$ cat upload00.cif   # mmCIF, C-alpha atoms
data_upload
#
loop_
_atom_site.group_PDB
_atom_site.id
_atom_site.type_symbol
_atom_site.label_atom_id
_atom_site.label_comp_id
_atom_site.auth_asym_id
_atom_site.auth_seq_id
_atom_site.Cartn_x
_atom_site.Cartn_y
_atom_site.Cartn_z
ATOM 1 C CA MET O 1 4.819 -3.469 -25.543
ATOM 2 C CA THR O 2 8.216 -3.753 -23.901
ATOM 3 C CA GLN O 3 7.844 -2.675 -20.286
ATOM 4 C CA ASP O 4 11.293 -3.759 -19.133
ATOM 5 C CA THR O 5 13.206 -0.989 -20.886
ATOM 6 C CA TYR O 6 12.520 2.634 -20.038
ATOM 7 C CA THR O 7 14.162 5.651 -21.573
ATOM 8 C CA ALA O 8 14.913 8.822 -19.665
ATOM 9 C CA VAL O 9 12.230 11.496 -19.851
ATOM 10 C CA ASP O 10 13.093 15.176 -20.154
ATOM 11 C CA PRO O 11 11.410 16.823 -17.115
ATOM 12 C CA THR O 12 10.252 19.784 -19.233
ATOM 13 C CA GLU O 13 8.830 17.777 -22.138
ATOM 14 C CA MET O 14 5.400 16.160 -22.404
ATOM 15 C CA VAL O 15 5.288 12.410 -23.056
ATOM 16 C CA GLY O 16 2.340 12.181 -25.410
ATOM 17 C CA HIS O 17 -0.624 13.438 -23.391
ATOM 18 C CA LEU O 18 1.134 12.867 -20.057
ATOM 19 C CA THR O 19 3.403 15.161 -18.079
ATOM 20 C CA PRO O 20 6.798 13.750 -17.071
ATOM 21 C CA ARG O 21 5.517 13.279 -13.489
ATOM 22 C CA GLN O 22 2.503 11.351 -14.766
ATOM 23 C CA TYR O 23 4.730 9.216 -16.992
ATOM 24 C CA ALA O 24 6.994 8.437 -14.002
ATOM 25 C CA ARG O 25 3.867 7.553 -12.027
ATOM 26 C CA LEU O 26 2.863 5.152 -14.809
ATOM 27 C CA GLU O 27 6.290 3.477 -14.797
ATOM 28 C CA ARG O 28 6.126 3.078 -11.004
ATOM 29 C CA ALA O 29 2.644 1.591 -11.315
ATOM 30 C CA ILE O 30 3.837 -0.995 -13.826
ATOM 31 C CA ASP O 31 6.791 -1.931 -11.600
ATOM 32 C CA THR O 32 4.514 -2.175 -8.558
ATOM 33 C CA ALA O 33 1.941 -4.232 -10.461
ATOM 34 C CA ARG O 34 4.523 -6.954 -11.147
ATOM 35 C CA THR O 35 4.629 -7.905 -7.474
ATOM 36 C CA LEU O 36 1.248 -6.574 -6.354
ATOM 37 C CA VAL O 37 -0.996 -8.533 -8.744
ATOM 38 C CA PRO O 38 0.272 -12.014 -7.750
ATOM 39 C CA TRP O 39 0.042 -10.993 -4.089
ATOM 40 C CA LEU O 40 -3.556 -9.785 -4.546
ATOM 41 C CA TYR O 41 -4.541 -13.098 -6.144
ATOM 42 C CA ALA O 42 -2.885 -14.996 -3.272
ATOM 43 C CA ALA O 43 -4.274 -12.757 -0.529
ATOM 44 C CA GLY O 44 -7.835 -14.040 -0.838
ATOM 45 C CA HIS O 45 -10.351 -12.627 1.586
ATOM 46 C CA ILE O 46 -8.772 -9.654 3.317
ATOM 47 C CA THR O 47 -11.235 -7.492 5.159
ATOM 48 C CA THR O 48 -10.821 -3.755 5.557
ATOM 49 C CA GLU O 49 -13.939 -3.391 7.741
ATOM 50 C CA GLN O 50 -13.358 -1.524 10.975
ATOM 51 C CA GLY O 51 -15.158 -2.289 14.190
ATOM 52 C CA GLY O 52 -18.191 -0.156 14.899
ATOM 53 C CA ARG O 53 -19.051 0.445 11.259
ATOM 54 C CA THR O 54 -22.385 -0.709 9.920
ATOM 55 C CA LYS O 55 -22.408 -3.423 7.293
ATOM 56 C CA ARG O 56 -23.667 -2.700 3.807
ATOM 57 C CA ALA O 57 -27.201 -3.812 3.000
ATOM 58 C CA GLU O 58 -26.389 -5.654 -0.225
ATOM 59 C CA ALA O 59 -24.859 -9.121 -0.337
ATOM 60 C CA PRO O 60 -21.056 -9.353 -0.525
ATOM 61 C CA LEU O 61 -19.269 -10.198 -3.749
ATOM 62 C CA PRO O 62 -18.913 -13.942 -4.321
ATOM 63 C CA ILE O 63 -15.167 -13.417 -4.911
ATOM 64 C CA PRO O 64 -12.654 -11.553 -2.777
ATOM 65 C CA ALA O 65 -12.171 -7.846 -3.455
ATOM 66 C CA THR O 66 -8.422 -8.426 -3.845
ATOM 67 C CA TRP O 67 -9.136 -10.714 -6.802
ATOM 68 C CA VAL O 68 -11.331 -8.052 -8.402
ATOM 69 C CA ALA O 69 -8.526 -5.504 -8.007
ATOM 70 C CA ALA O 70 -5.923 -7.930 -9.415
ATOM 71 C CA HIS O 71 -8.159 -8.794 -12.372
ATOM 72 C CA THR O 72 -8.810 -5.104 -13.102
ATOM 73 C CA ILE O 73 -5.063 -4.350 -13.102
ATOM 74 C CA ASP O 74 -4.377 -7.407 -15.283
ATOM 75 C CA ASP O 75 -7.094 -6.304 -17.700
ATOM 76 C CA LEU O 76 -5.657 -2.773 -17.970
ATOM 77 C CA LEU O 77 -2.152 -4.154 -18.581
ATOM 78 C CA ASN O 78 -3.532 -6.440 -21.306
ATOM 79 C CA ARG O 79 -5.430 -3.539 -22.899
ATOM 80 C CA LEU O 80 -2.127 -1.625 -23.153
ATOM 81 C CA GLN O 81 -0.530 -4.481 -25.142
ATOM 82 C CA PRO O 82 -1.455 -3.166 -28.654
ATOM 83 C CA TRP O 83 1.017 -0.301 -28.209
ATOM 84 C CA ASP O 84 4.672 -1.208 -28.736
ATOM 85 C CA ASP O 85 5.901 1.220 -26.089
ATOM 86 C CA LEU O 86 4.485 3.162 -23.151
ATOM 87 C CA ARG O 87 5.315 6.397 -24.993
ATOM 88 C CA ASP O 88 3.107 5.288 -27.894
ATOM 89 C CA ALA O 89 0.264 4.561 -25.484
ATOM 90 C CA ALA O 90 0.753 7.955 -23.821
ATOM 91 C CA ALA O 91 0.563 9.662 -27.233
ATOM 92 C CA ASP O 92 -2.808 8.066 -28.045
ATOM 93 C CA LEU O 93 -5.980 9.406 -26.382
ATOM 94 C CA GLN O 94 -7.332 5.962 -25.527
ATOM 95 C CA GLY O 95 -3.873 4.805 -24.461
ATOM 96 C CA GLN O 96 -3.318 7.737 -22.128
ATOM 97 C CA TRP O 97 -6.750 7.105 -20.594
ATOM 98 C CA LEU O 98 -5.777 3.453 -19.988
ATOM 99 C CA CYS O 99 -2.460 4.614 -18.495
ATOM 100 C CA ARG O 100 -4.278 6.905 -16.065
ATOM 101 C CA CYS O 101 -6.717 4.148 -15.105
ATOM 102 C CA LEU O 102 -3.823 1.736 -14.570
ATOM 103 C CA TRP O 103 -1.820 3.917 -12.184
ATOM 104 C CA GLN O 104 -4.982 4.851 -10.271
ATOM 105 C CA GLU O 105 -5.965 1.183 -9.851
ATOM 106 C CA VAL O 106 -2.458 0.120 -8.817
ATOM 107 C CA GLU O 107 -2.083 2.980 -6.322
ATOM 108 C CA SER O 108 -5.549 2.298 -4.901
ATOM 109 C CA ALA O 109 -4.890 -1.443 -4.515
ATOM 110 C CA ALA O 110 -1.463 -0.827 -2.951
ATOM 111 C CA ARG O 111 -3.050 1.614 -0.480
ATOM 112 C CA ASN O 112 -5.992 -0.675 0.402
ATOM 113 C CA TRP O 113 -3.977 -3.903 0.698
ATOM 114 C CA PRO O 114 -0.357 -3.105 1.594
ATOM 115 C CA THR O 115 2.050 -5.974 0.967
ATOM 116 C CA GLU O 116 4.298 -5.132 3.898
ATOM 117 C CA GLU O 117 3.924 -3.550 7.276
ATOM 118 C CA LYS O 118 5.417 -0.122 7.850
ATOM 119 C CA PRO O 119 6.811 1.307 11.093
ATOM 120 C CA HIS O 120 4.185 3.320 12.956
ATOM 121 C CA LYS O 121 3.761 5.316 16.141
ATOM 122 C CA VAL O 122 2.351 3.534 19.189
ATOM 123 C CA VAL O 123 -0.414 5.725 20.589
ATOM 124 C CA TYR O 124 -1.441 6.060 24.268
ATOM 125 C CA VAL O 125 1.517 4.031 25.610
ATOM 126 C CA ARG O 126 4.466 5.836 27.178
ATOM 127 C CA CYS O 127 8.117 4.827 27.127
ATOM 128 C CA ARG O 128 9.064 3.180 30.436
ATOM 129 C CA GLN O 129 12.416 5.003 30.444
ATOM 130 C CA CYS O 130 11.571 8.643 29.602
ATOM 131 C CA GLN O 131 7.752 8.569 30.081
ATOM 132 C CA ARG O 132 7.096 10.221 26.702
ATOM 133 C CA LEU O 133 4.555 9.206 24.045
ATOM 134 C CA ALA O 134 7.312 8.446 21.545
ATOM 135 C CA LEU O 135 7.218 4.687 20.940
ATOM 136 C CA GLU O 136 7.510 3.390 17.379
ATOM 137 C CA TRP O 137 6.510 -0.142 16.365
ATOM 138 C CA GLN O 138 8.967 -1.581 13.818
ATOM 139 C CA PRO O 139 8.138 -4.755 11.863
ATOM 140 C CA PRO O 140 10.694 -7.548 11.416
ATOM 141 C CA GLN O 141 13.398 -6.711 8.851
ATOM 142 C CA TYR O 142 13.620 -10.314 7.597
ATOM 143 C CA ALA O 143 12.031 -13.715 8.233
ATOM 144 C CA GLY O 144 12.772 -14.821 11.772
ATOM 145 C CA ASP O 145 13.588 -11.307 12.996
ATOM 146 C CA ASP O 146 11.800 -9.909 16.055
ATOM 147 C CA ILE O 147 9.301 -7.074 16.217
ATOM 148 C CA ARG O 148 10.901 -4.041 17.847
ATOM 149 C CA VAL O 149 9.264 -1.216 19.784
ATOM 150 C CA VAL O 150 11.731 1.662 20.166
ATOM 151 C CA CYS O 151 11.417 5.048 21.840
ATOM 152 C CA THR O 152 12.241 7.726 19.276
ATOM 153 C CA VAL O 153 13.416 10.117 22.019
ATOM 154 C CA CYS O 154 15.694 8.078 24.297
ATOM 155 C CA GLY O 155 16.224 4.947 22.171
ATOM 156 C CA HIS O 156 14.916 2.580 24.856
ATOM 157 C CA LEU O 157 13.890 -0.805 23.431
ATOM 158 C CA GLU O 158 10.558 -2.206 24.662
ATOM 159 C CA THR O 159 9.233 -5.702 24.063
ATOM 160 C CA PRO O 160 5.911 -5.995 22.195
ATOM 161 C CA GLU O 161 4.553 -7.952 25.176
ATOM 162 C CA MET O 162 5.308 -5.093 27.597
ATOM 163 C CA VAL O 163 3.706 -2.566 25.246
ATOM 164 C CA ALA O 164 0.616 -4.806 25.002
ATOM 165 C CA TRP O 165 0.559 -5.023 28.837
ATOM 166 C CA ASP O 166 0.825 -1.222 29.136
ATOM 167 C CA ALA O 167 -1.902 -0.767 26.520
ATOM 168 C CA ARG O 168 -4.175 -3.103 28.499
ATOM 169 C CA LEU O 169 -3.549 -0.993 31.636
ATOM 170 C CA VAL O 170 -4.428 2.201 29.719
ATOM 171 C CA ILE O 171 -7.638 0.623 28.408
ATOM 172 C CA ASP O 172 -8.627 -0.645 31.862
ATOM 173 C CA GLU O 173 -7.932 2.758 33.421
ATOM 174 C CA HIS O 174 -9.985 4.494 30.728
ATOM 175 C CA ALA O 175 -12.869 2.026 31.228
ATOM 176 C CA ARG O 176 -13.019 2.863 34.957
ATOM 177 C CA HIS O 177 -13.623 6.552 34.284
#

$ encode --input "upload00.cif" --output "structure tokens"
Amino acid sequence: MTQDTYTAVDPTEMVGHLTPRQYARLERAIDTARTLVPWLYAAGHITTEQGGRTKRAEAPLPIPATWVAAHTIDDLLNRLQPWDDLRDAAADLQGQWLCRCLWQEVESAARNWPTEEKPHKVVYVRCRQCQRLALEWQPPQYAGDDIRVVCTVCGHLETPEMVAWDARLVIDEHARH
């Protein structure tokens, strides 16, 4: 199966048993899997447990969950190999089922173990300039770059250390009441 060459899909025409949106989702999943699978194998033990949650009663898996996800994606990609093209797989009932499983596994793994940090809103800490709850944490753009915390209203740039200090003050104040 040649996955490097894709042909344009007519948005009104079915691709085998898949709609054009589903076929595009499959192509995105295959592209994502190329970088995601090696990262999942390298990631090792990444925990998604949140504080305050109870632990499960059964024993943990002897291998990291990221490896299980990577192996599952690898297995689905290998099971799609008998078809020469993704369109052929989409036209076959078993192939379209494997395609659906593949994009679901890739999307689930990418959601559970993101490979890069995304900008996000800083909650409970106000901008020192305009006093609004409008701070956004921005990860480094490249290796060696600094983390930035920017107010989305006035554009004031905060240091991560000052935001951490302000967050500590908010927590302490909340603990007193």

$ closest_residue --input "upload00.cif" --among "O:Leu18, O:Leu133, O:Pro38, O:Pro139" --to "Glu116 (chain O)" --atoms "all atoms listed in the file"
O:Pro139

$ closest_residue --input "upload00.cif" --among "O:Leu80, O:Cys151, O:Val106, O:Met14" --to "Thr35 (chain O)" --atoms "all atoms listed in the file"
O:Val106

$ residues_around --input "upload00.cif" --residues "Asn78 (chain O)" --least-positions-apart "5" --cutoff "12 Å" --atoms "all atoms listed in the file" --output "PDB file with C-alpha atoms, in the frame of the given file"
ATOM      1  CA  MET O   1       4.819  -3.469 -25.543  1.00  0.00           C
ATOM      2  CA  ILE O  30       3.837  -0.995 -13.826  1.00  0.00           C
ATOM      3  CA  HIS O  71      -8.159  -8.794 -12.372  1.00  0.00           C
ATOM      4  CA  THR O  72      -8.810  -5.104 -13.102  1.00  0.00           C
ATOM      5  CA  ILE O  73      -5.063  -4.350 -13.102  1.00  0.00           C
ATOM      6  CA  TRP O  83       1.017  -0.301 -28.209  1.00  0.00           C
ATOM      7  CA  GLY O  95      -3.873   4.805 -24.461  1.00  0.00           C
ATOM      8  CA  LEU O  98      -5.777   3.453 -19.988  1.00  0.00           C
ATOM      9  CA  CYS O  99      -2.460   4.614 -18.495  1.00  0.00           C
ATOM     10  CA  LEU O 102      -3.823   1.736 -14.570  1.00  0.00           C
TER      11      LEU O 102
END

$ closest_residue --input "upload00.cif" --among "O:Tyr142, O:Trp97, O:Trp113, O:Trp103" --to "Gly16 (chain O)" --atoms "all atoms listed in the file"
O:Trp97

$ atom_distance --input "upload00.cif" --atom1 "CA of Thr19 (chain O)" --atom2 "CA of Thr32 (chain O)"
19.8 Å

$ atom_distance --input "upload00.cif" --atom1 "CA of Val15 (chain O)" --atom2 "CA of Arg28 (chain O)"
15.3 Å

$ atom_distance --input "upload00.cif" --atom1 "CA of Tyr41 (chain O)" --atom2 "CA of Trp67 (chain O)"
5.2 Å

$ resolve_selection --input "upload00.cif" --expression "the PyMOL selection byres ((chain O and resi 167-173) around 10)" --output "list of chain:residue names"
O:Val122, O:Val123, O:Tyr124, O:Val125, O:Arg126, O:Glu161, O:Met162, O:Val163, O:Ala164, O:Trp165, O:Asp166, O:His174, O:Ala175, O:Arg176, O:His177

$ residues_near_point --input "upload00.cif" --point "(3.7, 10.4, -19.1)" --cutoff "12 Å" --atoms "all atoms listed in the file" --output "PyMOL selection string"
chain O and resi 6-29+85-92+95-100+103

$ residues_around --input "upload00.cif" --residues "Ala109 (chain O)" --least-positions-apart "4" --cutoff "9 Å" --atoms "only C-alpha atoms" --output "PyMOL selection string"
chain O and resi 36+40+66+69-70+104-105+113-114

$ write_last_selection --input "upload00.cif" --atoms "C-alpha atoms" --output "PDB file, keeping the file's coordinate frame"
ATOM      1  CA  LEU O  36       1.248  -6.574  -6.354  1.00  0.00           C
ATOM      2  CA  LEU O  40      -3.556  -9.785  -4.546  1.00  0.00           C
ATOM      3  CA  THR O  66      -8.422  -8.426  -3.845  1.00  0.00           C
ATOM      4  CA  ALA O  69      -8.526  -5.504  -8.007  1.00  0.00           C
ATOM      5  CA  ALA O  70      -5.923  -7.930  -9.415  1.00  0.00           C
ATOM      6  CA  GLN O 104      -4.982   4.851 -10.271  1.00  0.00           C
ATOM      7  CA  GLU O 105      -5.965   1.183  -9.851  1.00  0.00           C
ATOM      8  CA  TRP O 113      -3.977  -3.903   0.698  1.00  0.00           C
ATOM      9  CA  PRO O 114      -0.357  -3.105   1.594  1.00  0.00           C
TER      10      PRO O 114
END

$ closest_residue --input "upload00.cif" --among "O:Pro82, O:Ile63, O:His156, O:Gly44" --to "Gln129 (chain O)" --atoms "only C-alpha atoms"
O:His156

$ axis_aligned_box --input "upload00.cif" --around "region 22-35 of chain O" --padding-each-side "4 Å" --output "JSON"
{"center_x": 4.5, "center_y": 1.7, "center_z": -12.2, "size_x": 13.1, "size_y": 27.3, "size_z": 17.5}

$ closest_residue --input "upload00.cif" --among "O:Ile147, O:Leu157, O:Ser108, O:Pro140" --to "Arg128 (chain O)" --atoms "all atoms listed in the file"
O:Leu157

$ closest_residue --input "upload00.cif" --among "O:Ala134, O:Ala143, O:Leu93, O:Ala43" --to "Gly155 (chain O)" --atoms "all atoms listed in the file"
O:Ala134
